[in-house]
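Just query_1.pdb here, PDB, C-alpha atoms and all ligand atoms:
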```pdb
ATOM      1  CA  MET Y 957     -18.252  -2.406  -5.405
ATOM      2  CA  SER Y 958     -17.241  -1.331  -1.932
ATOM      3  CA  ILE Y 959     -15.051   1.489  -0.627
ATOM      4  CA  ASP Y 960     -11.934   1.017   1.554
ATOM      5  CA  HIS Y 961     -12.632   3.726   4.116
ATOM      6  CA  VAL Y 962      -9.163   3.555   5.708
ATOM      7  CA  LEU Y 963      -7.523   4.324   2.350
ATOM      8  CA  LYS Y 964     -10.142   7.044   1.776
ATOM      9  CA  LEU Y 965      -9.230   8.575   5.150
ATOM     10  CA  TYR Y 966      -5.508   8.653   4.206
ATOM     11  CA  SER Y 967      -6.299  10.301   0.883
ATOM     12  CA  GLU Y 968      -8.480  12.950   2.525
ATOM     13  CA  THR Y 969      -6.046  13.776   5.349
ATOM     14  CA  ILE Y 970      -2.608  13.608   3.721
ATOM     15  CA  ARG Y 971      -4.086  14.862   0.434
ATOM     16  CA  SER Y 972      -1.348  13.459  -1.720
ATOM     17  CA  PRO Y 973      -2.099  11.446  -4.878
ATOM     18  CA  TYR Y 974      -0.432   8.371  -3.331
ATOM     19  CA  LEU Y 975      -1.548   5.706  -0.838
ATOM     20  CA  HIS Y 976       1.802   4.165   0.009
ATOM     21  CA  TYR Y 977       4.502   4.553   2.676
ATOM     22  CA  GLY Y 978       6.862   6.792   0.743
ATOM     23  CA  PHE Y 979      10.634   6.416   0.365
ATOM     24  CA  TRP Y 980      13.186   8.290   2.495
ATOM     25  CA  ASP Y 981      16.628   8.469   0.833
ATOM     26  CA  ASP Y 982      18.461   8.974   4.105
ATOM     27  CA  PRO Y 983      16.257   7.523   6.876
ATOM     28  CA  ASN Y 984      18.865   8.081   9.608
ATOM     29  CA  SER Y 985      18.852  11.838   9.088
ATOM     30  CA  VAL Y 986      15.069  12.213   9.558
ATOM     31  CA  ASP Y 987      14.095  14.343  12.575
ATOM     32  CA  LEU Y 988      10.474  13.553  13.531
ATOM     33  CA  ASP Y 989      10.046  16.953  15.241
ATOM     34  CA  GLN Y 990      10.826  18.682  11.943
ATOM     35  CA  ILE Y 991       8.801  16.599   9.455
ATOM     36  CA  THR Y 992       6.188  18.508   7.473
ATOM     37  CA  LEU Y 993       3.265  17.197   5.426
ATOM     38  CA  LEU Y 994       5.122  18.445   2.361
ATOM     39  CA  GLU Y 995       8.086  16.189   3.214
ATOM     40  CA  ILE Y 996       5.762  13.191   3.530
ATOM     41  CA  LYS Y 997       4.313  13.983   0.104
ATOM     42  CA  ASP Y 998       7.860  14.385  -1.278
ATOM     43  CA  ALA Y 999       8.798  10.988   0.169
ATOM     44  CA  GLN Y1000       5.754   9.482  -1.530
ATOM     45  CA  HIS Y1001       6.825  11.003  -4.842
ATOM     46  CA  ARG Y1002      10.351   9.685  -4.299
ATOM     47  CA  TYR Y1003       8.860   6.188  -3.774
ATOM     48  CA  ILE Y1004       7.414   6.005  -7.295
ATOM     49  CA  GLU Y1005      10.552   7.632  -8.754
ATOM     50  CA  HIS Y1006      12.671   4.942  -7.126
ATOM     51  CA  LEU Y1007      10.233   2.129  -7.995
ATOM     52  CA  ALA Y1008      10.041   3.267 -11.621
ATOM     53  CA  SER Y1009      13.841   2.992 -11.873
ATOM     54  CA  PHE Y1010      13.313  -0.804 -11.877
ATOM     55  CA  ILE Y1011      11.193  -0.710 -15.071
ATOM     56  CA  PRO Y1012      13.175  -2.323 -17.916
ATOM     57  CA  ASN Y1013      13.915  -0.223 -21.022
ATOM     58  CA  ASN Y1014      11.775  -2.334 -23.377
ATOM     59  CA  VAL Y1015       8.530  -1.595 -21.467
ATOM     60  CA  ASN Y1016       5.858   0.515 -23.122
ATOM     61  CA  SER Y1017       2.445  -0.538 -21.759
ATOM     62  CA  ILE Y1018       1.734  -0.785 -18.011
ATOM     63  CA  LEU Y1019      -1.271  -2.038 -16.063
ATOM     64  CA  ASP Y1020      -1.270  -0.365 -12.631
ATOM     65  CA  VAL Y1021      -2.985  -2.987 -10.459
ATOM     66  CA  GLY Y1022      -4.395  -1.564  -7.226
ATOM     67  CA  CYS Y1023      -3.902   1.939  -8.581
ATOM     68  CA  GLY Y1024      -5.250   3.828  -5.561
ATOM     69  CA  ILE Y1025      -5.969   7.444  -6.433
ATOM     70  CA  GLY Y1026      -3.761   7.621  -9.483
ATOM     71  CA  GLY Y1027      -0.494   9.256  -8.342
ATOM     72  CA  ASN Y1028       1.672   6.440  -9.684
ATOM     73  CA  ALA Y1029      -0.325   6.202 -12.934
ATOM     74  CA  ASN Y1030       0.046   9.939 -13.476
ATOM     75  CA  TYR Y1031       3.807   9.813 -12.854
ATOM     76  CA  LEU Y1032       4.231   6.888 -15.280
ATOM     77  CA  GLN Y1033       2.036   8.495 -17.937
ATOM     78  CA  GLU Y1034       4.128  11.662 -17.729
ATOM     79  CA  LYS Y1035       7.230   9.504 -18.245
ATOM     80  CA  GLY Y1036       5.692   8.399 -21.553
ATOM     81  CA  TYR Y1037       4.294   4.952 -20.701
ATOM     82  CA  LYS Y1038       0.869   3.825 -21.918
ATOM     83  CA  VAL Y1039      -0.900   3.260 -18.613
ATOM     84  CA  GLU Y1040      -4.174   1.609 -17.621
ATOM     85  CA  THR Y1041      -5.449   1.327 -14.055
ATOM     86  CA  LEU Y1042      -7.343  -1.291 -12.048
ATOM     87  CA  SER Y1043      -8.964  -1.302  -8.628
ATOM     88  CA  PRO Y1044     -12.086  -2.799  -7.022
ATOM     89  CA  ASP Y1045     -12.713   0.434  -5.117
ATOM     90  CA  HIS Y1046     -15.620   2.659  -6.082
ATOM     91  CA  PHE Y1047     -14.222   5.843  -4.458
ATOM     92  CA  GLN Y1048     -10.892   5.397  -6.273
ATOM     93  CA  GLN Y1049     -12.777   4.910  -9.549
ATOM     94  CA  SER Y1050     -14.437   8.314  -9.148
ATOM     95  CA  VAL Y1051     -11.131  10.006  -8.185
ATOM     96  CA  ILE Y1052      -9.352   8.577 -11.256
ATOM     97  CA  LYS Y1053     -12.201   9.609 -13.541
ATOM     98  CA  GLU Y1054     -12.041  13.188 -12.271
ATOM     99  CA  LYS Y1055      -8.235  13.427 -12.090
ATOM    100  CA  PHE Y1056      -7.738  12.324 -15.712
ATOM    101  CA  ASN Y1057     -10.945  13.864 -17.106
ATOM    102  CA  GLY Y1058     -12.190  10.411 -18.050
ATOM    103  CA  THR Y1059      -9.189   9.725 -20.309
ATOM    104  CA  MET Y1060      -7.504   7.090 -18.092
ATOM    105  CA  LYS Y1061      -8.708   3.522 -18.718
ATOM    106  CA  PHE Y1062      -9.904   2.118 -15.388
ATOM    107  CA  HIS Y1063     -10.809  -1.553 -14.863
ATOM    108  CA  HIS Y1064     -13.207  -1.744 -11.934
ATOM    109  CA  CYS Y1065     -12.615  -5.185 -10.417
ATOM    110  CA  LYS Y1066     -10.351  -7.257  -8.216
ATOM    111  CA  PHE Y1067      -7.261  -8.339 -10.155
ATOM    112  CA  GLU Y1068      -8.169 -11.981  -9.476
ATOM    113  CA  ASN Y1069     -11.417 -11.400 -11.476
ATOM    114  CA  PHE Y1070      -9.886  -9.349 -14.299
ATOM    115  CA  HIS Y1071     -10.602 -10.468 -17.897
ATOM    116  CA  PRO Y1072      -7.771  -8.945 -19.959
ATOM    117  CA  SER Y1073      -8.623  -8.054 -23.549
ATOM    118  CA  LYS Y1074      -4.976  -7.345 -24.427
ATOM    119  CA  GLU Y1075      -1.478  -8.152 -23.179
ATOM    120  CA  TYR Y1076       0.692  -5.672 -21.302
ATOM    121  CA  ASP Y1077       4.491  -5.271 -21.065
ATOM    122  CA  LEU Y1078       4.457  -4.740 -17.298
ATOM    123  CA  ILE Y1079       2.102  -5.092 -14.346
ATOM    124  CA  LEU Y1080       2.751  -2.748 -11.449
ATOM    125  CA  GLU Y1081       1.578  -3.799  -7.990
ATOM    126  CA  SER Y1082       2.543  -0.938  -5.708
ATOM    127  CA  GLU Y1083       1.512  -1.758  -2.148
ATOM    128  CA  SER Y1084      -1.352  -3.804  -3.540
ATOM    129  CA  VAL Y1085       0.342  -7.239  -3.452
ATOM    130  CA  CYS Y1086      -0.898  -7.928   0.076
ATOM    131  CA  TYR Y1087      -4.530  -7.482  -1.042
ATOM    132  CA  ILE Y1088      -4.272  -9.970  -3.919
ATOM    133  CA  LYS Y1089      -4.438 -13.747  -3.411
ATOM    134  CA  ILE Y1090      -0.935 -15.104  -4.085
ATOM    135  CA  ASP Y1091      -1.555 -17.970  -6.482
ATOM    136  CA  LEU Y1092      -4.542 -16.449  -8.286
ATOM    137  CA  GLY Y1093      -2.571 -13.217  -8.620
ATOM    138  CA  PHE Y1094       0.378 -14.904 -10.370
ATOM    139  CA  LYS Y1095      -1.946 -16.944 -12.605
ATOM    140  CA  LYS Y1096      -3.801 -13.780 -13.584
ATOM    141  CA  ALA Y1097      -0.488 -11.971 -14.149
ATOM    142  CA  ARG Y1098       0.551 -14.763 -16.567
ATOM    143  CA  ASP Y1099      -2.706 -14.333 -18.541
ATOM    144  CA  THR Y1100      -2.294 -10.550 -18.611
ATOM    145  CA  LEU Y1101       1.360 -10.224 -19.640
ATOM    146  CA  LYS Y1102       3.136 -10.700 -22.949
ATOM    147  CA  ASN Y1103       5.734 -13.452 -23.077
ATOM    148  CA  GLY Y1104       8.829 -11.957 -21.497
ATOM    149  CA  GLY Y1105       6.658  -9.319 -19.759
ATOM    150  CA  TYR Y1106       7.340  -8.118 -16.213
ATOM    151  CA  LEU Y1107       5.628  -7.983 -12.849
ATOM    152  CA  LEU Y1108       6.994  -5.199 -10.641
ATOM    153  CA  ALA Y1109       5.815  -5.801  -7.078
ATOM    154  CA  SER Y1110       6.484  -3.496  -4.137
ATOM    155  CA  ASP Y1111       5.009  -4.342  -0.750
ATOM    156  CA  TYR Y1112       5.676  -5.660   2.730
ATOM    157  CA  PHE Y1113       5.990  -9.387   3.373
ATOM    158  CA  VAL Y1114       6.188 -11.491   6.535
ATOM    159  CA  HIS Y1115       9.708 -12.924   6.969
ATOM    160  CA  PHE Y1116       9.353 -14.275  10.527
ATOM    161  CA  ARG Y1117       6.588 -15.927  12.561
ATOM    162  CA  ASP Y1118       6.825 -16.639  16.273
ATOM    163  CA  GLY Y1119       3.364 -18.101  16.870
ATOM    164  CA  SER Y1120       2.116 -14.792  18.330
ATOM    165  CA  LYS Y1121      -0.987 -12.927  17.176
ATOM    166  CA  ASN Y1122       0.968  -9.780  16.399
ATOM    167  CA  SER Y1123      -0.900  -7.477  13.971
ATOM    168  CA  HIS Y1124       2.094  -7.504  11.601
ATOM    169  CA  LEU Y1125       1.456 -11.183  10.928
ATOM    170  CA  LYS Y1126      -2.002 -10.445   9.533
ATOM    171  CA  SER Y1127      -2.941  -9.086   6.120
ATOM    172  CA  SER Y1128       0.405  -9.542   4.407
ATOM    173  CA  HIS Y1129       1.848 -12.494   2.527
ATOM    174  CA  ASP Y1130       4.651 -14.776   3.673
ATOM    175  CA  LYS Y1131       7.735 -13.850   1.658
ATOM    176  CA  GLU Y1132       8.811 -17.445   1.039
ATOM    177  CA  LYS Y1133       5.314 -18.562  -0.046
ATOM    178  CA  TYR Y1134       5.104 -15.610  -2.410
ATOM    179  CA  LEU Y1135       8.467 -16.334  -4.033
ATOM    180  CA  ALA Y1136       7.686 -20.053  -4.308
ATOM    181  CA  SER Y1137       4.377 -19.282  -6.028
ATOM    182  CA  ALA Y1138       6.142 -16.933  -8.465
ATOM    183  CA  LYS Y1139       8.476 -19.755  -9.474
ATOM    184  CA  ALA Y1140       5.692 -22.334  -9.690
ATOM    185  CA  ASN Y1141       3.732 -20.020 -11.996
ATOM    186  CA  GLY Y1142       6.630 -19.427 -14.396
ATOM    187  CA  PHE Y1143       8.017 -16.125 -13.125
ATOM    188  CA  GLU Y1144      11.759 -15.619 -12.748
ATOM    189  CA  LEU Y1145      12.959 -13.180 -10.102
ATOM    190  CA  ILE Y1146      15.403 -10.925 -11.900
ATOM    191  CA  GLN Y1147      15.894  -8.094  -9.384
ATOM    192  CA  GLU Y1148      15.083  -7.423  -5.736
ATOM    193  CA  PHE Y1149      15.603  -4.572  -3.311
ATOM    194  CA  ASP Y1150      14.902  -4.380   0.414
ATOM    195  CA  GLN Y1151      13.497  -0.891   1.072
ATOM    196  CA  THR Y1152      12.416  -1.523   4.674
ATOM    197  CA  GLU Y1153      14.681   1.147   6.183
ATOM    198  CA  ASN Y1154      13.684   3.691   3.521
ATOM    199  CA  THR Y1155       9.998   3.327   4.408
ATOM    200  CA  MET Y1156      10.165   3.280   8.229
ATOM    201  CA  PRO Y1157      10.266   7.072   8.895
ATOM    202  CA  THR Y1158       6.634   7.271   7.712
ATOM    203  CA  LEU Y1159       5.600   4.752  10.376
ATOM    204  CA  ASP Y1160       7.726   6.524  12.982
ATOM    205  CA  TYR Y1161       6.061   9.806  12.113
ATOM    206  CA  GLY Y1162       2.576   8.229  12.377
ATOM    207  CA  LYS Y1163       3.438   7.001  15.878
ATOM    208  CA  TYR Y1164       4.952  10.354  16.826
ATOM    209  CA  PHE Y1165       1.875  12.230  15.563
ATOM    210  CA  ILE Y1166      -0.526  10.017  17.516
ATOM    211  CA  GLY Y1167       1.559  10.317  20.695
ATOM    212  CA  ARG Y1168       1.940  14.076  20.364
ATOM    213  CA  PHE Y1169      -1.501  15.185  19.121
ATOM    214  CA  ILE Y1170      -4.168  12.448  19.019
ATOM    215  CA  ASN Y1171      -3.629  10.882  22.464
ATOM    216  CA  PRO Y1172      -3.512  14.168  24.433
ATOM    217  CA  ALA Y1173      -6.610  15.413  22.548
ATOM    218  CA  MET Y1174      -8.449  12.186  23.393
ATOM    219  CA  GLU Y1175      -7.362  12.348  27.033
ATOM    220  CA  TYR Y1176      -8.662  15.896  27.288
ATOM    221  CA  GLY Y1177     -11.971  14.887  25.643
ATOM    222  CA  ILE Y1178     -12.413  11.994  28.108
ATOM    223  CA  TYR Y1179     -11.539  14.202  31.087
ATOM    224  CA  SER Y1180     -14.004  16.841  29.929
ATOM    225  CA  ALA Y1181     -16.824  14.322  29.299
ATOM    226  CA  LYS Y1182     -16.348  12.691  32.721
ATOM    227  CA  LYS Y1183     -16.402  16.079  34.443
ATOM    228  CA  ASN Y1184     -19.449  17.472  32.643
ATOM    229  CA  TYR Y1185     -21.514  14.300  31.957
ATOM    230  CA  PRO Y1186     -20.357  11.689  34.540
ATOM    231  CA  LYS Y1187     -23.257   9.215  34.180
ATOM    232  CA  THR Y1188     -23.539   9.296  30.383
ATOM    233  CA  SER Y1189     -19.768   9.074  29.924
ATOM    234  CA  ALA Y1190     -19.559   6.055  32.275
ATOM    235  CA  ILE Y1191     -22.222   4.185  30.216
ATOM    236  CA  ILE Y1192     -20.649   5.094  26.869
ATOM    237  CA  GLY Y1193     -17.180   4.252  28.267
ATOM    238  CA  LYS Y1194     -18.305   0.695  29.107
ATOM    239  CA  MET Y1195     -19.907   0.267  25.690
ATOM    240  CA  ILE Y1196     -16.873   1.310  23.654
ATOM    241  CA  ALA Y1197     -14.071  -0.070  25.886
ATOM    242  CA  PRO Y1198     -13.609  -3.375  23.924
ATOM    243  CA  LYS Y1199     -13.569  -1.505  20.600
ATOM    244  CA  ILE Y1200     -10.917   0.921  21.898
ATOM    245  CA  GLU Y1201      -8.840  -2.007  23.154
ATOM    246  CA  SER Y1202      -8.787  -3.619  19.689
ATOM    247  CA  LYS Y1203      -7.944  -0.275  18.026
ATOM    248  CA  LEU Y1204      -5.042   0.206  20.482
ATOM    249  CA  ASN Y1205      -3.706  -3.233  19.500
ATOM    250  CA  GLN Y1206      -3.694  -2.074  15.885
ATOM    251  CA  LEU Y1207      -1.289   0.724  16.865
ATOM    252  CA  ASP Y1208       1.385  -1.994  16.837
ATOM    253  CA  LEU Y1209       1.147  -1.627  13.063
ATOM    254  CA  ILE Y1210       2.893   1.753  13.245
ATOM    255  CA  ASP Y1211       5.666   0.502  15.515
ATOM    256  CA  SER Y1212       8.712   0.298  13.233
ATOM    257  CA  GLU Y1213      10.654  -1.993  15.605
ATOM    258  CA  GLN Y1214       7.842  -4.542  15.413
ATOM    259  CA  PHE Y1215       7.582  -4.028  11.649
ATOM    260  CA  ARG Y1216      11.281  -4.889  11.250
ATOM    261  CA  LYS Y1217      10.917  -7.947  13.466
ATOM    262  CA  TYR Y1218       8.141  -9.493  11.358
ATOM    263  CA  ARG Y1219       8.106  -7.794   7.979
ATOM    264  CA  GLN Y1220      10.306  -6.622   5.115
ATOM    265  CA  TYR Y1221       9.249  -4.030   2.577
ATOM    266  CA  MET Y1222      10.499  -5.484  -0.704
ATOM    267  CA  ILE Y1223      10.673  -4.573  -4.378
ATOM    268  CA  TYR Y1224      10.599  -7.606  -6.687
ATOM    269  CA  LEU Y1225      10.963  -7.516 -10.458
ATOM    270  CA  PHE Y1226       9.799 -10.786 -12.041
ATOM    271  CA  GLN Y1227       9.865 -11.807 -15.690
ATOM    272  CA  LYS Y1228       7.285 -14.114 -17.254
ATOM    273  CA  LYS Y1229       9.068 -17.092 -18.737
ATOM    274  CA  ASP Y1230       7.826 -19.201 -21.687
ATOM    275  CA  ALA Y1231       5.577 -22.053 -20.583
TER
HETATM  276  C1  LIG Y1301      -2.403   0.743  -0.224
HETATM  277  S1  LIG Y1301      -3.269   1.024  -1.717
HETATM  278  C2  LIG Y1301      -1.946   1.376  -2.852
HETATM  279  C3  LIG Y1301      -2.407   2.299  -3.934
HETATM  280  C4  LIG Y1301      -1.361   2.681  -5.006
HETATM  281  N1  LIG Y1301      -0.875   1.539  -5.721
HETATM  282  C5  LIG Y1301      -0.209   3.447  -4.414
HETATM  283  O1  LIG Y1301       0.932   2.943  -4.442
HETATM  284  O2  LIG Y1301      -0.424   4.584  -3.974
HETATM  285  C6  LIG Y1301      -3.823  -0.608  -2.200
HETATM  286  C7  LIG Y1301      -4.593  -0.666  -3.507
HETATM  287  O3  LIG Y1301      -4.936  -2.031  -3.819
HETATM  288  C8  LIG Y1301      -6.325  -2.069  -4.190
HETATM  289  N2  LIG Y1301      -6.836  -3.443  -4.046
HETATM  290  C9  LIG Y1301      -7.408  -4.026  -2.975
HETATM  291  N3  LIG Y1301      -7.755  -5.303  -3.254
HETATM  292  C10 LIG Y1301      -7.394  -5.528  -4.545
HETATM  293  C11 LIG Y1301      -7.509  -6.644  -5.435
HETATM  294  N4  LIG Y1301      -8.012  -7.822  -5.028
HETATM  295  N5  LIG Y1301      -7.094  -6.497  -6.714
HETATM  296  C12 LIG Y1301      -6.545  -5.331  -7.129
HETATM  297  N6  LIG Y1301      -6.398  -4.248  -6.331
HETATM  298  C13 LIG Y1301      -6.820  -4.340  -5.052
HETATM  299  C14 LIG Y1301      -6.931  -1.019  -3.276
HETATM  300  O4  LIG Y1301      -8.220  -0.646  -3.672
HETATM  301  C15 LIG Y1301      -5.902   0.088  -3.483
HETATM  302  O5  LIG Y1301      -6.092   0.711  -4.732
END
```
What's the structure tokens form of this structure?
Ligand SMILES: C[S@@+](CC[C@H](N)C(=O)[O-])C[C@H]1O[C@@H](n2cnc3c(N)ncnc32)[C@H](O)[C@@H]1O
Amino acid sequence: MSIDHVLKLYSETIRSPYLHYGFWDDPNSVDLDQITLLEIKDAQHRYIEHLASFIPNNVNSILDVGCGIGGNANYLQEKGYKVETLSPDHFQQSVIKEKFNGTMKFHHCKFENFHPSKEYDLILESESVCYIKIDLGFKKARDTLKNGGYLLASDYFVHFRDGSKNSHLKSSHDKEKYLASAKANGFELIQEFDQTENTMPTLDYGKYFIGRFINPAMEYGIYSAKKNYPKTSAIIGKMIAPKIESKLNQLDLIDSEQFRKYRQYMIYLFQKKDA
């Protein structure tokens, strides 16, 4: 199966075992000029610590759906849970195999196509909800969980649409549709937490980093190419201009003001109810 190269890029640059936004306890006190890579990694660790605090006491077995490169699974295993992982991504499969010396059970498929051979106490979907089809995902979660089992979902959802084509309106689920599907598929919402503000410093830092380092480096590269190779750079410039335009539009995705306008980063704990 294929590789998500954007997620691979994050894992190779940040070099933390997590592929999520992280959780900042006190977002208002964050000074972007002072943030270090270590603090970003700490925030990512804090995210799973905080998320795990929602796991009910009677949970023993966990299926980590959309497990990424295994940071969450490792944390949960160390806390004593029996953990299995699932992802359609080939690169992540090889990372998990190496990280756990082949001892971590890994299901290599999309969750929608998963054929469970046992029932689990809890399914974790940490920043993987938006990749999974809503209705099929809840139906599959029903087949995969014990009666009374839990689905712990943590991800961003669209709470507002204004008819624009803003990037925040793509590739995440509508909050109301998601909650309605949960109900229709026999899941009761028993706890929720809005962690939008706790996740935004990571976006703000991404924007700060691009403005401070990436853009000036690109500007210098363009200046240098135009000066030294004027004809070639003019031809290449015309060829890649539309691509650069669409990439610049995607930078909206790291604008926290726009995020807040359209999205909320939620934690939902659902319980599977008897049919
Ligand atoms: C943003 S990463 C989050 C990784 C990890 N859960 C974390 O919190 O660090 C999204 C994960 O969802 C996985 N994914 C994508 N499509 C999926 C699907 N249809 N079913 C299950 N997982 C999927 C990706 O391969 C990746 O592992």
* Would you mind listing what lies within 9 Å of Asn1103 (chain Y) as a ChimeraX atom specification, with all atoms listed in the file counted and same-chain residues fewer than 4 positions away left out? => /Y:1075,1077,1098,1227-1231
* Asked: Do you know which residues are within 6 Å of ligand LIG 1301 (chain Y) using all atoms listed in the file? Can you write them as a list in words?
  -> Tyr974, Leu975, His976, Val1021, Gly1022, Cys1023, Gly1024, Ser1043, Pro1044, Asp1045, Lys1066, Phe1067, Ser1082, Glu1083, Ser1084, Tyr1087 and Ile1088 of chain Y
Taking all atoms of region 1043-1060 of chain Y that the file lists and extending 3 Å past them on each side, where is the centre of the axis-aligned box and how long are its edges? Answer in Å to one decimal, as AutoDock Vina command-line options.
```
--center_x -11.6 --center_y 5.5 --center_z -12.4 --size_x 14.1 --size_y 22.7 --size_z 21.9
```
Interface rows for region 1027-1141 of chain Y against region 987-1004 of chain Y: nearest pair, Å to one decimal, 10 Å, all atoms listed in the file, as CSV:
```
residue,atom,partner,partner_atom,distance
Y:Gly1027,CA,Y:His1001,CA,8.3
Y:Asn1028,CA,Y:Ile1004,CA,6.2
Y:Ala1029,CA,Y:Ile1004,CA,9.6
Y:Tyr1031,CA,Y:Ile1004,CA,7.6
Y:Leu1032,CA,Y:Ile1004,CA,8.6
Y:Ser1082,CA,Y:Ile1004,CA,8.6
Y:Ser1110,CA,Y:Tyr1003,CA,10.0
```
* To do: Could you please determine the separation between CA of Asn1171 (chain Y) and CA of Phe1047 (chain Y) in Å, to one decimal place?
  =>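 Separation of CA of Asn1171 (chain Y) and CA of Phe1047 (chain Y): 29.4 Å.
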* May I ask for the distance between CA of Lys1203 (chain Y) and CA of Ser1123 (chain Y), given in Å to one decimal place? =>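 Distance reported for this atom pair: 10.9 Å.
For Thr1041 (chain Y), the set of protein, DNA and RNA residues having any atom at most 10 Å away, when counting all atoms listed in the file and skipping those fewer than 6 positions along the same chain, is Ile1018, Leu1019, Asp1020, Val1021, Gly1022, Cys1023, Gly1024, Ile1025, Gly1026, Asn1028, Ala1029, Gln1049, Ile1052, Met1060, Lys1061, Phe1062, His1063, His1064, Ile1079 and Leu1080 of chain Y.
Using only C-alpha atoms for every distance, the candidate list Y:Asp1118, Y:Asp1130, Y:Glu1144, Y:Asp981 yields Y:Glu1144 as the residue closest to Gly1104 (chain Y).
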* Residue contacts of Val1015 (chain Y) (9 Å, all atoms listed in the file) excluding same-chain residues fewer than 2 positions away, as a ChimeraX atom specification -> /Y:1011-1013,1017-1018,1037,1076-1078,1105-1106
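With distances restricted to only C-alpha atoms, Y:Tyr1218 is the closest residue to Leu1125 (chain Y) from Y:Tyr1179, Y:Phe1149, Y:Phe1070, Y:Tyr1218.
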* Asked: Around (7.9, -9.2, 10.8) in the file's own coordinates, what residues are found within 12 Å if you use only C-alpha atoms, given back as number ranges by chain?
  -> Y: 1112-1131, 1152, 1208-1209, 1211-1221
* Asked: For the atom pair CA of Glu1068 (chain Y) and CA of Val1085 (chain Y), what is the interatomic distance in Å to one decimal place?
  ->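 Separating CA of Glu1068 (chain Y) from CA of Val1085 (chain Y) is a distance of 11.5 Å.
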* To do: Do a neighbour search on Asp1150 (chain Y) at 9 Å with only C-alpha atoms, toss out local chain neighbours closer than 3 positions, and write the hits as an MDAnalysis selection string.
  => chainID Y and resid 1153:1154 1220:1224
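Among the candidates Y:Ile1090, Y:Leu1007, Y:Met1156, Y:Val1051, the residue lying nearest to Tyr1134 (chain Y) is Y:Ile1090 (atoms considered: all atoms listed in the file).
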* Asked: Which is closest to Leu1159 (chain Y) among Y:Ala1097, Y:Ala1173, Y:Ala1181, Y:Ile1210, if we use all atoms listed in the file?
  ->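 Result for the nearest residue to Leu1159 (chain Y): Y:Ile1210.
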Starting from the incomplete input, reconstruct N, CA and C atoms of region 957-970 of chain Y and write that as a CSV table (one decimal), keeping the file's coordinate frame.
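Saved the output as out38.csv:
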```csv
chain,number,residue,atom,x,y,z
Y,957,MET,N,-19.1,-1.7,-6.4
Y,957,MET,CA,-18.3,-2.4,-5.4
Y,957,MET,C,-17.9,-1.5,-4.2
Y,958,SER,N,-17.3,-2.0,-3.2
Y,958,SER,CA,-17.2,-1.3,-1.9
Y,958,SER,C,-16.1,-0.3,-1.9
Y,959,ILE,N,-16.1,0.4,-0.8
Y,959,ILE,CA,-15.1,1.5,-0.6
Y,959,ILE,C,-14.2,1.1,0.6
Y,960,ASP,N,-12.8,1.2,0.4
Y,960,ASP,CA,-11.9,1.0,1.6
Y,960,ASP,C,-11.8,2.3,2.3
Y,961,HIS,N,-12.5,2.4,3.4
Y,961,HIS,CA,-12.6,3.7,4.1
Y,961,HIS,C,-11.3,4.1,4.8
Y,962,VAL,N,-10.5,3.2,5.1
Y,962,VAL,CA,-9.2,3.6,5.7
Y,962,VAL,C,-8.3,4.3,4.6
Y,963,LEU,N,-8.3,3.7,3.4
Y,963,LEU,CA,-7.5,4.3,2.4
Y,963,LEU,C,-8.1,5.7,2.0
Y,964,LYS,N,-9.5,5.8,2.1
Y,964,LYS,CA,-10.1,7.0,1.8
Y,964,LYS,C,-9.7,8.1,2.8
Y,965,LEU,N,-9.6,7.7,4.1
Y,965,LEU,CA,-9.2,8.6,5.2
Y,965,LEU,C,-7.8,9.1,4.9
Y,966,TYR,N,-6.9,8.2,4.5
Y,966,TYR,CA,-5.5,8.7,4.2
Y,966,TYR,C,-5.5,9.7,3.1
Y,967,SER,N,-6.3,9.4,2.0
Y,967,SER,CA,-6.3,10.3,0.9
Y,967,SER,C,-6.9,11.7,1.3
Y,968,GLU,N,-7.9,11.7,2.2
Y,968,GLU,CA,-8.5,13.0,2.5
Y,968,GLU,C,-7.7,13.7,3.6
Y,969,THR,N,-6.8,13.1,4.3
Y,969,THR,CA,-6.0,13.8,5.3
Y,969,THR,C,-4.7,14.2,4.8
Y,970,ILE,N,-3.9,13.3,4.2
Y,970,ILE,CA,-2.6,13.6,3.7
Y,970,ILE,C,-2.7,14.4,2.4
```
